[in-house]
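Participant: Structure: structure_11.cif, mmCIF, C-alpha atoms.
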```
data_target
#
loop_
_atom_site.label_atom_id
_atom_site.label_comp_id
_atom_site.auth_asym_id
_atom_site.auth_seq_id
_atom_site.Cartn_x
_atom_site.Cartn_y
_atom_site.Cartn_z
CA MET A 24 56.45 9.25 -26.51
CA ILE A 25 52.84 8.16 -26.49
CA ALA A 26 50.78 9.23 -23.55
CA GLY A 27 50.24 6.39 -21.06
CA VAL A 28 52.88 4.09 -22.65
CA SER A 29 56.25 3.61 -20.99
CA SER A 30 59.45 4.42 -22.86
CA ASP A 31 60.54 0.73 -22.89
CA THR A 32 57.36 -0.25 -24.67
CA ALA A 33 57.78 2.58 -27.15
CA LEU A 34 61.36 1.48 -27.89
CA ALA A 35 60.43 -2.18 -28.23
CA SER A 36 57.70 -1.42 -30.68
CA ALA A 37 60.06 0.79 -32.68
CA ALA A 38 62.72 -1.94 -33.05
CA PRO A 39 62.75 -3.46 -36.53
CA GLY A 40 61.73 -7.10 -36.91
CA THR A 41 60.00 -7.34 -33.56
CA ALA A 42 56.29 -7.23 -33.56
CA THR A 43 54.60 -6.82 -30.25
CA PRO A 44 50.89 -7.32 -30.06
CA PRO A 45 48.75 -4.37 -29.09
CA ALA A 46 47.89 -4.04 -25.42
CA GLY A 47 44.98 -6.22 -24.36
CA THR A 48 45.54 -9.00 -26.94
CA PRO A 49 46.91 -12.37 -25.85
CA ALA A 50 50.41 -13.39 -26.73
CA ALA A 51 50.96 -16.01 -29.41
CA GLY A 52 50.21 -19.54 -28.17
CA ALA A 53 48.15 -18.37 -25.18
CA ASP A 54 44.44 -19.24 -24.87
CA PRO A 55 42.40 -16.26 -25.91
CA ALA A 56 40.38 -14.87 -22.98
CA PRO A 57 36.73 -14.24 -23.74
CA ALA A 58 36.03 -10.63 -24.47
CA LEU A 59 33.91 -8.95 -21.82
CA ASP A 60 30.98 -6.95 -23.00
CA VAL A 61 30.84 -3.93 -20.70
CA THR A 62 27.19 -3.34 -21.54
CA ALA A 63 26.10 -6.85 -20.51
CA ASP A 64 24.48 -7.31 -17.11
CA THR A 65 26.41 -9.36 -14.68
CA PRO A 66 24.51 -11.83 -12.51
CA PRO A 67 24.71 -9.64 -9.38
CA ASP A 68 23.23 -6.73 -11.34
CA MET A 69 20.36 -8.92 -12.52
CA THR A 70 19.82 -10.14 -8.97
CA VAL A 71 19.67 -6.57 -7.72
CA ARG A 72 17.27 -5.59 -10.49
CA LEU A 73 15.03 -8.57 -9.78
CA ALA A 74 15.08 -7.77 -6.07
CA GLU A 75 14.18 -4.15 -6.78
CA ALA A 76 11.36 -5.22 -9.11
CA LEU A 77 10.06 -7.65 -6.51
CA SER A 78 10.26 -4.93 -3.89
CA ARG A 79 8.34 -2.49 -6.11
CA ASN A 80 5.68 -5.11 -6.80
CA ALA A 81 5.36 -5.85 -3.09
CA VAL A 82 4.99 -2.15 -2.32
CA MET A 83 2.35 -1.76 -5.03
CA LEU A 84 0.42 -4.77 -3.73
CA LEU A 85 0.64 -3.40 -0.20
CA LEU A 86 -0.65 -0.01 -1.32
CA ALA A 87 -3.51 -1.67 -3.22
CA GLN A 88 -4.39 -3.73 -0.14
CA GLN A 89 -4.29 -0.64 2.08
CA THR A 90 -6.55 1.20 -0.37
CA GLU A 91 -9.04 -1.67 -0.29
CA GLN A 92 -8.92 -1.72 3.51
CA GLN A 93 -9.57 2.03 3.62
CA LYS A 94 -12.52 1.63 1.26
CA LEU A 95 -13.94 -1.17 3.41
CA GLN A 96 -13.37 0.88 6.56
CA LEU A 97 -15.21 3.87 5.07
CA ARG A 98 -18.06 1.60 4.02
CA LEU A 99 -18.18 0.09 7.51
CA ASP A 100 -18.16 3.58 9.06
CA ARG A 101 -21.12 4.58 6.87
CA ILE A 102 -23.01 1.45 7.90
CA LYS A 103 -22.26 2.16 11.57
CA ALA A 104 -23.41 5.77 11.22
CA HIS A 105 -26.64 4.66 9.52
CA PHE A 106 -27.23 2.04 12.21
CA ASN A 107 -26.57 4.54 15.01
CA ALA A 108 -28.92 7.08 13.43
CA SER A 109 -31.69 4.52 13.04
CA GLN A 110 -31.21 3.34 16.64
CA GLU A 111 -31.39 6.92 17.91
CA GLU A 112 -34.57 7.47 15.91
CA ARG A 113 -36.05 4.23 17.28
CA ALA A 114 -35.13 5.21 20.84
CA GLU A 115 -36.75 8.62 20.38
CA MET A 116 -39.94 7.00 19.06
CA LEU A 117 -40.00 4.62 22.04
CA ARG A 118 -39.62 7.58 24.43
CA GLU A 119 -42.50 9.37 22.72
CA MET A 120 -44.65 6.24 22.87
CA ASN A 121 -43.88 5.82 26.58
CA ALA A 122 -44.74 9.46 27.25
CA LEU A 123 -48.03 9.11 25.34
CA ARG A 124 -48.88 5.90 27.22
CA ASP A 125 -48.14 7.57 30.58
CA MET A 126 -50.38 10.49 29.61
CA ALA A 127 -53.15 8.09 28.57
CA LEU A 128 -52.88 6.25 31.93
CA GLU A 129 -53.07 9.52 33.86
CA GLN A 130 -56.04 10.62 31.78
CA SER A 131 -57.83 7.34 32.41
CA LYS A 132 -57.19 7.71 36.19
CA LYS A 133 -58.66 11.21 36.13
CA ASP A 134 -61.63 10.00 34.09
CA ASP A 135 -62.24 7.26 36.67
CA GLU A 136 -62.16 9.84 39.50
CA VAL A 137 -64.61 12.09 37.64
CA LEU A 138 -66.90 9.12 37.02
CA LYS A 139 -66.78 8.11 40.73
CA LYS A 140 -67.65 11.67 41.80
CA TYR A 141 -70.47 11.80 39.29
CA ILE A 142 -71.87 8.49 40.58
CA ALA A 143 -71.53 9.75 44.18
CA MET A 144 -73.60 12.83 43.31
CA ILE A 145 -76.51 10.72 42.11
#
```
Using structure tokens, write down the structure that the file contains.

Facilitator:
Amino acid sequence: MIAGVSSDTALASAAPGTATPPAGTPAAGADPAPALDVTADTPPDMTVRLAEALSRNAVMLLLAQQTEQQKLQLRLDRIKAHFNASQEERAEMLREMNALRDMALEQSKKDDEVLKKYIAMI
């Protein structure tokens, strides 16, 4: 007996004058069914592949956009740091100018007092 074939099928194929078609072929007079290619993609497989490809493209675009946003954020942070440093320097210069002006006012007051005393001595 052939493995996977029942004994009735083996006997029928052994009988003289009877020809049975091999398994998987249509009987005489029946419409032949189209042969399926097992390597061909079925529509659901193509749909899944297209969805996966679209998903990968979306992820790549998202990563590219995030990278651009990070670059812009770093650039903005550098601009902010430069602005803050220049503002601190400007504030320090204004403080120094105010201190120098206050000292000049005090000096002029003292000079006026000295001049008044000198005039009073004459």

Participant: Enter the distance from CA of Lys132 in chain A to CA of Met144 in chain A, in Å, rounded to one decimal.

Facilitator: 18.6 Å

Participant: What does the structure give for the distance between CA of Leu85 in chain A and CA of Ala104 in chain A, in Å to one decimal?

Facilitator: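 Here the two named atoms are 28.2 Å from each other.
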
Participant: Could you tell me how far CA of Ser131 in chain A sits from CA of Leu117 in chain A, in Å to one decimal place?

Facilitator: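 Here the two named atoms are 20.8 Å from each other.
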
Participant: Centre and edge lengths, as JSON, for the axis-aligned box enclosing every listed atom of range 136-139 of chain A with 6 Å of padding on each of the six sides, in Å to one decimal?

Facilitator:
```
{"center_x": -64.5, "center_y": 10.1, "center_z": 38.9, "size_x": 16.7, "size_y": 16.0, "size_z": 15.7}
```
